[in-house]
Structure formats: structure tokens, C-alpha cells
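S.K.: Sending over a structure as C-alpha cells; questions will come in a sec.
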2 protein chains.
Amino acid sequence: MSPAAMDALPPLAPVDREESLAGKVYRRLRAALMSGRLSPGQKLVHRLLAQEMQVSPTPVREALLRLVSEGGLDLDARGIAWVPRLAPERYKEIMELRVELEGRAAARAAELATPEDIAALRAIHARVAEGRLRNDARMVLTENELFHFHTIALARMPVLQRMVESLWVQAGPTINLLFTVPRPVAPQDHPHVALLAALAARDPVAARAAVERDLREHGAVLADMLARPAAPAG
Amino acid sequence: MSPAAMDALPPLAPVDREESLAGKVYRRLRAALMSGRLSPGQKLVHRLLAQEMQVSPTPVREALLRLVSEGGLDLDARGIAWVPRLAPERYKEIMELRVELEGRAAARAAELATPEDIAALRAIHARVAEGRLRNDARMVLTENELFHFHTIALARMPVLQRMVESLWVQAGPTINLLFTVPRPVAPQDHPHVALLAALAARDPVAARAAVERDLREHGAVLADMLARPAAPAG
DNA sequence: ATTTGGTGTTTGCTATAGCAAATGCCGGTT
DNA sequence: AACCGGCATTTGCTATAGCAAACACCAAAT
């Protein structure tokens, strides 16, 4: 085998092993954070969770600690895990970092995306738009997330991707709590459409600008909601 | 207590609790990664580590899994933790992200730093320069790290700071393995000096540029070393 | 020299138990 | 009604045990 052929070989993939129980629990909790099924202020007690999930406490504890490590859960003074309530400044910081990192990923994606990649994104965006028409918040959130992470994956920057995931985990409960379906916009006005055009045109600058616009518009709405004083107790 | 006085109160600090054993182990391992005492390719077996540290395996396992979660350690197909060897592309991605995130922190720090902050940074930098004069790699690395994280802390962006720490943990073993003390430069030519001047002048653009220059110069040297084929076996 | 099979050891992962500290509940007192 | 004390329960954290799979080592066969 010549050196050139070695260079052309894909890297060896790790041998798939059955996922551990702790890994399964972690994924479920992580998805629950990103999708808002776990709400800000919720307490997660590993023994109780273990009972609910009908597993022993050790893997649940491990899963919770993983999520703490990536910022998705906070520990209180006693070591109990809680879903964080985002202060406005924290939310603002997270969104600022998303603008930068997701914008960077989009720019890179514009250099690397294939027509098939772009077609897949179009299909996802069509479902985002449908969710908007149907005023279906769950659908919009789910497909929007899929759209974003599909885009980011095109950039082939694994460290950045993991960072962005962590930001989504951190912001997920709050975003989902506050989210209302935006009014439908004219199809050509949606930032996703601008991003798709930029990807097709292999234009990194336009791709970044589209993502920035998307996140800034969306982020400003929620930032306003967060900055309001809490409603009087009903 | 009037609303204005409430706004002026510092946030309640969490009650300090004695750090758990797992937390202690985590900190030690993390510091070992950042400082290079753990080398790329090293295998970390939780039972053996527990014996060395004279603690039981559970907290060691928890500490290792935390470090896996933040990217500092990789798991192989069998679930064993290893200190990662950085491929050139991975190193490049990490440095690119550091340039962006640390640059951003420096720009923010330029807006927020007090004269006392800047004096403290000068003192740290003086020790960096001394380490260079003495050709003391350990001293340079230690003080340089202190300089960087002192700067980042001035930005008061906790999410960003945690991300940067994670990047340092990921790159620490490789950087320390390859590091050689750069030749001393004229004092005014060191990027830290440019950063200090930018902080004093409250100039975010110059601050960012100084950090970018620092990281790019340093990063290019190591990227070259990583890109070279491994030396023939001796 | 290489391959195969058997055996012992290692290792991750999970389950369980137990300790100490914190929390919650209830009754009694003011 | 509010406060206090006693007791039971909860909870994090750690230690230990055990299972299954993987690995390492060695001897025998080719």
C-alpha cells in the first residue's frame, strides 16, 4: 500500500459497542433538556429518576454528572442537580456565542456542502415552514433544531459542534418554555432560505450573515421576554 | 428595602461546601491535563488510578467521566479513557476557536478592566518574560496560562470561560509535549505587552488583535511540529 | 515461526449498601 | 400564628461486590 493510498483511506471508525445504560440515560435527559421537556427550576434527584426509569441509581448519577459537566444542569450547595433558570445576561451570552460559533460553522459549510446536503436541508426547512403555517410549536422547534445541526455538521468541525450542542443544552429549557410560533413570513424572507441560497452559491460571508440574522431576530424576542419582570402571582 | 437597593446587592453566593472526593480527583486530573503531566496516548484505568491515589474507584470513575464529557479524555471502544493525541486538523480547529473566543474575551476585558486588574496582569507577564530569559519552560507555561485566564476572567463571560477551559484541557497534553521556550523577544514586541496597552487604553479592537497575534504565532509553531511525520524510531 | 486453545487477570459497568448531612413533618410551647 | 425540638425520611456520596467481556499469557500443535 503506497503512502498516497493510505492518505486516501477514511479513518478507522471506532468499533460500535452497545451503549451503556448510563449513556442511554444521558441521551434521554439531554434530549429532554434541549427539547424543553425538562423545565427551568426542575430538581433532578438521581434516586427518584432511577425509580422512574426502573434502573439502578449509579448510571443515573453518572448521566446527571455528565450533564452538569457540560453546563446543562447546575448543582446546588448540597450537590442536587437542577435545570437552570437562565438569567437575561446568561441568555444573552449564550446567544452571542451561538451567533459566533454557528455563524462560523455556516461559513465553513458553505465551502463544503454538496448539492445533496443542501437538498436535505431544504426538506428540513420545508417542515419548519409547515410547522409555522400550522402554528405547531413542537414541530417548529424540532425541525429548526434539526436544520441547525444539519448545517453545523456540514462544517466538519467536531470541537465547535460539541460546543454548540452544549449551548443548546444550556438554553433549551428556557427557549422551549418561552417559545411561541412566530408569524409566518414570506418564504423568501426566512433566514433559512438565505442560508440555503448562500450554501448553494458557496458564499461563506452570506451564509454567516444569514445565520446571524436568524439567531439575532429569534434571540431578541426571547431576551425581551426574559428581561420582563415576572408576572404577578395569579 | 427599596427596589433600587435590591438591584445594588450582590447576588447570593452559593454556600461553600467541602469539595467531594470526586471533585478533588477531577481537579487534579484536569490540572494534570492542562499542564502536560498527563501525556497524549496515556491510558487512564480508574481502578489503577484509585489505587495510586488511595481512594475507592467510584469517585475516580466519576472524575474521569467528567473529563470525557468536556473533551479532555477520549473513550476507546471498550470504554477505557485515554489522553487524546491531537491530529493536526483537531489542533488547528482548537486553535482557531481559541483565537475567536479568547479574542472576544480580550475585547470585552478591555471595556471592563480596572487599573488593579491590569497591574496584576503586568506582574504575571513579568514572570512569563522571566521564564523566557531563564529558558524555564515550566515557568513560561504556568505563568502564560495564568495570564490568559486572568484576562479571560476580566470579560465576565462564564459560559465562554468554561469553553476556553475545555479547549485548554483538550490541547494541554499536546502543547506541553511539544513546547519549547521561544527565544526572548524585545519586551515591547511581546503580544502580551500589546494586550496590556490595549486594556489600559480601553481599546477592544487592539486587545483582540493582540490576543489573535499571540495565539497565531504560538499556534503556527506547534501546528508545524504536529504536521511533521513522526521521527524514525530511535 | 505461526496459529490456536485454554486459563487467569483485568476492566468497564452496574447494583447494592451504608454513612452523614440536610430536609420535612409533627407536636408542643409561647 | 410563629417558633422550637425531636424524629423520620431523603439525598448525595462513597465503598464494595459481582458479572461479562476483553485482554494477556502460555503451552501445544502445525
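Ordering of the C-alpha cells sets the chain letters (A, B, ...); residue numbers start at 1 within each chain; ligands are numbered from 1 in the order shown.
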Just need the residues of chain A within 8 Å of chain C, counting only C-alpha atoms (C1' of nucleotides), so spit them out as a PyMOL selection string.

M.R.: chain A and resi 20+56+58-59+78

S.K.: Mind dumping a table of every chain B residue within 8 Å of chain A, with the nearest atom pair and its distance in Å to one decimal, using only C-alpha atoms, sorted by chain and rising number, as a Markdown table?

M.R.:
| residue | atom | partner | partner_atom | distance |
| --- | --- | --- | --- | --- |
| B:Pro14 | CA | A:Ala77 | CA | 6.0 |
| B:Val15 | CA | A:Ala77 | CA | 5.7 |
| B:Asp16 | CA | A:Ala77 | CA | 6.8 |
| B:Arg17 | CA | A:Ala77 | CA | 6.5 |
| B:Glu62 | CA | A:Glu62 | CA | 6.8 |
| B:Leu65 | CA | A:Arg66 | CA | 7.0 |
| B:Arg66 | CA | A:Arg66 | CA | 5.8 |
| B:Ser69 | CA | A:Arg66 | CA | 5.9 |
| B:Glu70 | CA | A:Glu70 | CA | 6.4 |
| B:Asp76 | CA | A:Pro14 | CA | 7.3 |
| B:Ala77 | CA | A:Val15 | CA | 5.6 |
| B:Arg78 | CA | A:Arg17 | CA | 7.5 |
| B:Arg90 | CA | A:Val159 | CA | 7.8 |
| B:Glu93 | CA | A:Met157 | CA | 6.9 |
| B:Ile94 | CA | A:Val159 | CA | 7.0 |
| B:Leu97 | CA | A:Leu160 | CA | 7.5 |
| B:Met157 | CA | A:Glu93 | CA | 6.9 |
| B:Val159 | CA | A:Ile94 | CA | 7.0 |
| B:Leu160 | CA | A:Leu97 | CA | 7.5 |
| B:Met163 | CA | A:Met163 | CA | 7.2 |

S.K.: Write a file of the just-selected residues containing N, CA, C and O atoms, as a PDB file, in the first residue's frame.

M.R.:
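Contents of part.pdb, as written:
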ATOM      1  N   PRO B  14     -23.361  30.913  46.463  1.00  0.00           N
ATOM      2  CA  PRO B  14     -23.705  29.584  46.974  1.00  0.00           C
ATOM      3  C   PRO B  14     -22.946  29.304  48.267  1.00  0.00           C
ATOM      4  O   PRO B  14     -21.806  29.711  48.430  1.00  0.00           O
ATOM      5  N   VAL B  15     -23.604  28.599  49.167  1.00  0.00           N
ATOM      6  CA  VAL B  15     -22.930  28.224  50.396  1.00  0.00           C
ATOM      7  C   VAL B  15     -21.766  27.294  50.053  1.00  0.00           C
ATOM      8  O   VAL B  15     -21.931  26.322  49.342  1.00  0.00           O
ATOM      9  N   ASP B  16     -20.588  27.627  50.547  1.00  0.00           N
ATOM     10  CA  ASP B  16     -19.451  26.764  50.267  1.00  0.00           C
ATOM     11  C   ASP B  16     -19.618  25.418  50.944  1.00  0.00           C
ATOM     12  O   ASP B  16     -19.981  25.348  52.103  1.00  0.00           O
ATOM     13  N   ARG B  17     -19.399  24.389  50.195  1.00  0.00           N
ATOM     14  CA  ARG B  17     -19.392  23.073  50.823  1.00  0.00           C
ATOM     15  C   ARG B  17     -18.049  22.439  50.558  1.00  0.00           C
ATOM     16  O   ARG B  17     -17.379  22.726  49.584  1.00  0.00           O
ATOM     17  N   GLU B  62     -16.030   8.684  38.314  1.00  0.00           N
ATOM     18  CA  GLU B  62     -16.825   9.889  38.077  1.00  0.00           C
ATOM     19  C   GLU B  62     -15.968  11.025  37.544  1.00  0.00           C
ATOM     20  O   GLU B  62     -16.346  11.735  36.604  1.00  0.00           O
ATOM     21  N   LEU B  65     -15.121  10.397  33.916  1.00  0.00           N
ATOM     22  CA  LEU B  65     -16.252  10.621  33.018  1.00  0.00           C
ATOM     23  C   LEU B  65     -16.539  12.105  32.831  1.00  0.00           C
ATOM     24  O   LEU B  65     -16.958  12.551  31.765  1.00  0.00           O
ATOM     25  N   ARG B  66     -16.315  12.871  33.883  1.00  0.00           N
ATOM     26  CA  ARG B  66     -16.452  14.328  33.723  1.00  0.00           C
ATOM     27  C   ARG B  66     -15.481  14.856  32.685  1.00  0.00           C
ATOM     28  O   ARG B  66     -15.833  15.679  31.850  1.00  0.00           O
ATOM     29  N   SER B  69     -16.557  14.084  29.290  1.00  0.00           N
ATOM     30  CA  SER B  69     -17.644  14.964  28.871  1.00  0.00           C
ATOM     31  C   SER B  69     -17.157  16.304  28.368  1.00  0.00           C
ATOM     32  O   SER B  69     -17.793  16.913  27.523  1.00  0.00           O
ATOM     33  N   GLU B  70     -16.059  16.773  28.914  1.00  0.00           N
ATOM     34  CA  GLU B  70     -15.612  18.076  28.452  1.00  0.00           C
ATOM     35  C   GLU B  70     -14.505  17.954  27.415  1.00  0.00           C
ATOM     36  O   GLU B  70     -13.864  18.938  27.079  1.00  0.00           O
ATOM     37  N   ASP B  76     -12.097   4.732  24.426  1.00  0.00           N
ATOM     38  CA  ASP B  76     -11.932   3.830  23.290  1.00  0.00           C
ATOM     39  C   ASP B  76     -13.162   2.918  23.192  1.00  0.00           C
ATOM     40  O   ASP B  76     -14.137   3.088  23.929  1.00  0.00           O
ATOM     41  N   ALA B  77     -13.096   1.961  22.272  1.00  0.00           N
ATOM     42  CA  ALA B  77     -14.275   1.134  22.012  1.00  0.00           C
ATOM     43  C   ALA B  77     -14.725   0.364  23.252  1.00  0.00           C
ATOM     44  O   ALA B  77     -15.880  -0.014  23.372  1.00  0.00           O
ATOM     45  N   ARG B  78     -13.795   0.135  24.143  1.00  0.00           N
ATOM     46  CA  ARG B  78     -14.098  -0.627  25.329  1.00  0.00           C
ATOM     47  C   ARG B  78     -14.488   0.247  26.508  1.00  0.00           C
ATOM     48  O   ARG B  78     -14.746  -0.250  27.592  1.00  0.00           O
ATOM     49  N   ARG B  90      -7.346  18.619  14.244  1.00  0.00           N
ATOM     50  CA  ARG B  90      -8.006  18.886  15.526  1.00  0.00           C
ATOM     51  C   ARG B  90      -7.306  20.039  16.233  1.00  0.00           C
ATOM     52  O   ARG B  90      -7.954  20.940  16.788  1.00  0.00           O
ATOM     53  N   GLU B  93      -8.283  23.229  14.608  1.00  0.00           N
ATOM     54  CA  GLU B  93      -9.631  23.666  14.973  1.00  0.00           C
ATOM     55  C   GLU B  93      -9.640  24.275  16.367  1.00  0.00           C
ATOM     56  O   GLU B  93     -10.250  25.321  16.604  1.00  0.00           O
ATOM     57  N   ILE B  94      -8.954  23.622  17.292  1.00  0.00           N
ATOM     58  CA  ILE B  94      -8.908  24.137  18.667  1.00  0.00           C
ATOM     59  C   ILE B  94      -8.274  25.524  18.694  1.00  0.00           C
ATOM     60  O   ILE B  94      -8.773  26.442  19.355  1.00  0.00           O
ATOM     61  N   LEU B  97     -10.604  28.155  17.336  1.00  0.00           N
ATOM     62  CA  LEU B  97     -11.649  28.509  18.302  1.00  0.00           C
ATOM     63  C   LEU B  97     -11.068  29.347  19.443  1.00  0.00           C
ATOM     64  O   LEU B  97     -11.728  30.265  19.942  1.00  0.00           O
ATOM     65  N   MET B 157     -17.590  36.545  31.291  1.00  0.00           N
ATOM     66  CA  MET B 157     -18.464  35.742  30.440  1.00  0.00           C
ATOM     67  C   MET B 157     -18.259  34.286  30.852  1.00  0.00           C
ATOM     68  O   MET B 157     -17.391  33.593  30.314  1.00  0.00           O
ATOM     69  N   VAL B 159     -19.848  31.462  30.476  1.00  0.00           N
ATOM     70  CA  VAL B 159     -20.030  30.368  29.519  1.00  0.00           C
ATOM     71  C   VAL B 159     -18.825  30.292  28.596  1.00  0.00           C
ATOM     72  O   VAL B 159     -18.282  29.222  28.324  1.00  0.00           O
ATOM     73  N   LEU B 160     -18.394  31.448  28.121  1.00  0.00           N
ATOM     74  CA  LEU B 160     -17.217  31.485  27.261  1.00  0.00           C
ATOM     75  C   LEU B 160     -15.998  30.976  28.006  1.00  0.00           C
ATOM     76  O   LEU B 160     -15.186  30.207  27.460  1.00  0.00           O
ATOM     77  N   MET B 163     -15.851  27.320  28.124  1.00  0.00           N
ATOM     78  CA  MET B 163     -15.499  26.771  26.813  1.00  0.00           C
ATOM     79  C   MET B 163     -13.999  26.842  26.581  1.00  0.00           C
ATOM     80  O   MET B 163     -13.394  25.892  26.072  1.00  0.00           O
TER      81      MET B 163
END

S.K.: Fewer than 4 positions away in the same chain doesn't count, so skip those; otherwise give me all residues within 10 Å of B:Val181, counting only C-alpha atoms (C1' of nucleotides), as a ChimeraX atom specification.

M.R.: /B:131-141

S.K.: Restrict the distance test to only C-alpha atoms (C1' of nucleotides), flag each residue of chain D within 10 Å of chain A, and return the flagged residues as a PyMOL selection string.

M.R.: chain D and resi 10-13

S.K.: I need the chosen residues saved as a PDB file, in the first residue's frame, with N, CA and C atoms (P, O5', C5', C4', C3', O3' and C1' of nucleotides).

M.R.:
ATOM      1  P    DT D  10     -38.686   8.939  52.110  1.00  0.00           P
ATOM      2  O5'  DT D  10     -37.592   9.994  51.680  1.00  0.00           O
ATOM      3  C5'  DT D  10     -37.909  11.392  51.756  1.00  0.00           C
ATOM      4  C4'  DT D  10     -36.688  12.211  51.408  1.00  0.00           C
ATOM      5  C3'  DT D  10     -35.984  11.806  50.105  1.00  0.00           C
ATOM      6  O3'  DT D  10     -35.704  13.010  49.421  1.00  0.00           O
ATOM      7  C1'  DT D  10     -34.432  11.881  51.872  1.00  0.00           C
ATOM      8  P    DT D  11     -35.503  13.005  47.886  1.00  0.00           P
ATOM      9  O5'  DT D  11     -33.927  13.076  47.789  1.00  0.00           O
ATOM     10  C5'  DT D  11     -33.262  14.280  48.215  1.00  0.00           C
ATOM     11  C4'  DT D  11     -31.797  14.019  48.369  1.00  0.00           C
ATOM     12  C3'  DT D  11     -31.168  13.179  47.264  1.00  0.00           C
ATOM     13  O3'  DT D  11     -30.480  14.044  46.364  1.00  0.00           O
ATOM     14  C1'  DT D  11     -30.319  12.644  49.434  1.00  0.00           C
ATOM     15  P    DG D  12     -29.540  13.403  45.246  1.00  0.00           P
ATOM     16  O5'  DG D  12     -28.081  13.657  45.816  1.00  0.00           O
ATOM     17  C5'  DG D  12     -27.747  14.945  46.336  1.00  0.00           C
ATOM     18  C4'  DG D  12     -26.393  14.887  46.994  1.00  0.00           C
ATOM     19  C3'  DG D  12     -25.268  14.405  46.094  1.00  0.00           C
ATOM     20  O3'  DG D  12     -24.091  15.130  46.425  1.00  0.00           O
ATOM     21  C1'  DG D  12     -25.503  12.920  47.930  1.00  0.00           C
ATOM     22  P    DC D  13     -22.796  14.961  45.548  1.00  0.00           P
ATOM     23  O5'  DC D  13     -22.016  13.771  46.269  1.00  0.00           O
ATOM     24  C5'  DC D  13     -21.571  13.978  47.604  1.00  0.00           C
ATOM     25  C4'  DC D  13     -20.988  12.683  48.128  1.00  0.00           C
ATOM     26  C3'  DC D  13     -19.988  12.021  47.175  1.00  0.00           C
ATOM     27  O3'  DC D  13     -18.704  12.092  47.790  1.00  0.00           O
ATOM     28  C1'  DC D  13     -21.509  10.437  48.155  1.00  0.00           C
TER      29       DC D  13
END

S.K.: Per DSSP on the backbone, what are the strand (DSSP E) residues of stretch 65-170 of chain B, as a PDB file with N, CA and C atoms, in the first residue's frame?

M.R.:
ATOM      1  N   ASP B  74     -10.584  10.878  25.837  1.00  0.00           N
ATOM      2  CA  ASP B  74     -11.394  10.096  24.892  1.00  0.00           C
ATOM      3  C   ASP B  74     -11.635   8.712  25.468  1.00  0.00           C
ATOM      4  N   LEU B  75     -12.782   8.121  25.113  1.00  0.00           N
ATOM      5  CA  LEU B  75     -13.027   6.728  25.453  1.00  0.00           C
ATOM      6  C   LEU B  75     -12.776   5.877  24.224  1.00  0.00           C
ATOM      7  N   ALA B  81     -10.549   5.190  29.227  1.00  0.00           N
ATOM      8  CA  ALA B  81     -10.207   6.582  28.988  1.00  0.00           C
ATOM      9  C   ALA B  81      -8.729   6.731  28.600  1.00  0.00           C
ATOM     10  N   TRP B  82      -8.502   7.553  27.591  1.00  0.00           N
ATOM     11  CA  TRP B  82      -7.162   7.828  27.089  1.00  0.00           C
ATOM     12  C   TRP B  82      -6.957   9.336  26.958  1.00  0.00           C
TER      13      TRP B  82
END

S.K.: Taking 2 positions as the minimum chain separation for residues in the same chain, which residues sit within 8 Å of B:Pro40 when counting only C-alpha atoms (C1' of nucleotides)? Answer as a tab-separated table (two decimals) with N, CA and C atoms, in the first residue's frame.

M.R.:
chain	number	residue	atom	x	y	z
B	38	LEU	N	-0.02	14.70	32.21
B	38	LEU	CA	-0.57	13.53	31.50
B	38	LEU	C	-0.29	13.73	30.02
B	42	GLN	N	-1.68	8.34	26.75
B	42	GLN	CA	-1.67	7.66	28.05
B	42	GLN	C	-3.05	7.07	28.36
B	82	TRP	N	-8.50	7.55	27.59
B	82	TRP	CA	-7.16	7.83	27.09
B	82	TRP	C	-6.96	9.34	26.96
B	83	VAL	N	-5.72	9.76	27.17
B	83	VAL	CA	-5.38	11.14	26.85
B	83	VAL	C	-5.24	11.23	25.34
B	84	PRO	N	-6.00	12.11	24.69
B	84	PRO	CA	-6.01	12.09	23.23
B	84	PRO	C	-4.70	12.58	22.61
B	85	ARG	N	-4.32	11.93	21.50
B	85	ARG	CA	-3.28	12.50	20.65
B	85	ARG	C	-4.00	13.41	19.67
B	86	LEU	N	-3.59	14.65	19.60
B	86	LEU	CA	-4.27	15.57	18.69
B	86	LEU	C	-3.75	15.41	17.27
B	173	PRO	N	-2.15	18.50	26.92
B	173	PRO	CA	-1.10	17.48	26.84
B	173	PRO	C	-0.21	17.63	25.60
B	174	THR	N	-0.83	17.89	24.48
B	174	THR	CA	-0.04	18.02	23.25
B	174	THR	C	0.83	19.26	23.28

S.K.: By how many Å are atom CA of B:Leu121 and atom CA of B:Gly172 apart?

M.R.: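 We find that atom CA of B:Leu121 and atom CA of B:Gly172 lie 21.6 Å from each other.
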
S.K.: Which of stretch 9-234 of chain A end up as helix (DSSP H, G or I) when DSSP is run on this backbone - answer as an MDAnalysis selection string?

M.R.: chainID A and resid 21:35 46:53 57:69 88:112 115:133 137:154 158:178 187:189 191:200 204:227

S.K.: Skip B:Glu111 itself and residues of its chain fewer than 2 positions away, then list as an mmCIF file with N, CA and C atoms, in the first residue's frame all residues within 10 Å of it, counting only C-alpha atoms (C1' of nucleotides).

M.R.:
data_model
loop_
_atom_site.group_PDB
_atom_site.id
_atom_site.type_symbol
_atom_site.label_atom_id
_atom_site.label_comp_id
_atom_site.auth_asym_id
_atom_site.auth_seq_id
_atom_site.Cartn_x
_atom_site.Cartn_y
_atom_site.Cartn_z
ATOM 1 N N ALA B 106 -10.912 39.083 25.300
ATOM 2 C CA ALA B 106 -9.978 40.203 25.485
ATOM 3 C C ALA B 106 -10.649 41.530 25.125
ATOM 4 N N ALA B 107 -11.411 41.525 24.043
ATOM 5 C CA ALA B 107 -12.112 42.750 23.643
ATOM 6 C C ALA B 107 -13.049 43.205 24.766
ATOM 7 N N ARG B 108 -13.752 42.251 25.335
ATOM 8 C CA ARG B 108 -14.660 42.605 26.427
ATOM 9 C C ARG B 108 -13.899 43.069 27.655
ATOM 10 N N ALA B 109 -12.781 42.377 27.918
ATOM 11 C CA ALA B 109 -11.968 42.754 29.075
ATOM 12 C C ALA B 109 -11.477 44.187 28.944
ATOM 13 N N ALA B 113 -11.826 46.220 32.386
ATOM 14 C CA ALA B 113 -10.681 46.049 33.291
ATOM 15 C C ALA B 113 -10.391 47.332 34.065
ATOM 16 N N THR B 114 -10.032 47.129 35.335
ATOM 17 C CA THR B 114 -9.633 48.248 36.179
ATOM 18 C C THR B 114 -8.101 48.352 36.171
ATOM 19 N N LEU B 154 -11.580 38.608 33.261
ATOM 20 C CA LEU B 154 -11.984 40.018 33.271
ATOM 21 C C LEU B 154 -13.195 40.264 32.380
ATOM 22 N N ALA B 155 -13.412 39.399 31.426
ATOM 23 C CA ALA B 155 -14.536 39.588 30.495
ATOM 24 C C ALA B 155 -15.871 39.267 31.149
ATOM 25 N N ALA B 198 -3.520 47.734 25.266
ATOM 26 C CA ALA B 198 -4.888 47.861 24.759
ATOM 27 C C ALA B 198 -5.901 47.881 25.914
ATOM 28 N N LEU B 199 -5.634 47.065 26.923
ATOM 29 C CA LEU B 199 -6.522 47.080 28.092
ATOM 30 C C LEU B 199 -6.478 48.451 28.772
ATOM 31 N N ALA B 200 -5.268 48.971 28.923
ATOM 32 C CA ALA B 200 -5.115 50.270 29.587
ATOM 33 C C ALA B 200 -5.788 51.371 28.784
ATOM 34 N N ALA B 201 -5.747 51.241 27.467
ATOM 35 C CA ALA B 201 -6.339 52.252 26.595
ATOM 36 C C ALA B 201 -7.822 52.000 26.365
ATOM 37 N N ARG B 202 -8.350 50.900 26.974
ATOM 38 C CA ARG B 202 -9.760 50.540 26.766
ATOM 39 C C ARG B 202 -10.093 50.398 25.284
ATOM 40 N N ASP B 203 -9.211 49.720 24.599
ATOM 41 C CA ASP B 203 -9.350 49.565 23.155
ATOM 42 C C ASP B 203 -9.638 48.105 22.806
ATOM 43 N N PRO B 204 -10.925 47.732 22.638
ATOM 44 C CA PRO B 204 -11.273 46.331 22.393
ATOM 45 C C PRO B 204 -10.662 45.774 21.113
ATOM 46 N N ALA B 207 -7.060 45.028 21.686
ATOM 47 C CA ALA B 207 -6.938 43.886 22.606
ATOM 48 C C ALA B 207 -7.148 42.576 21.860
#
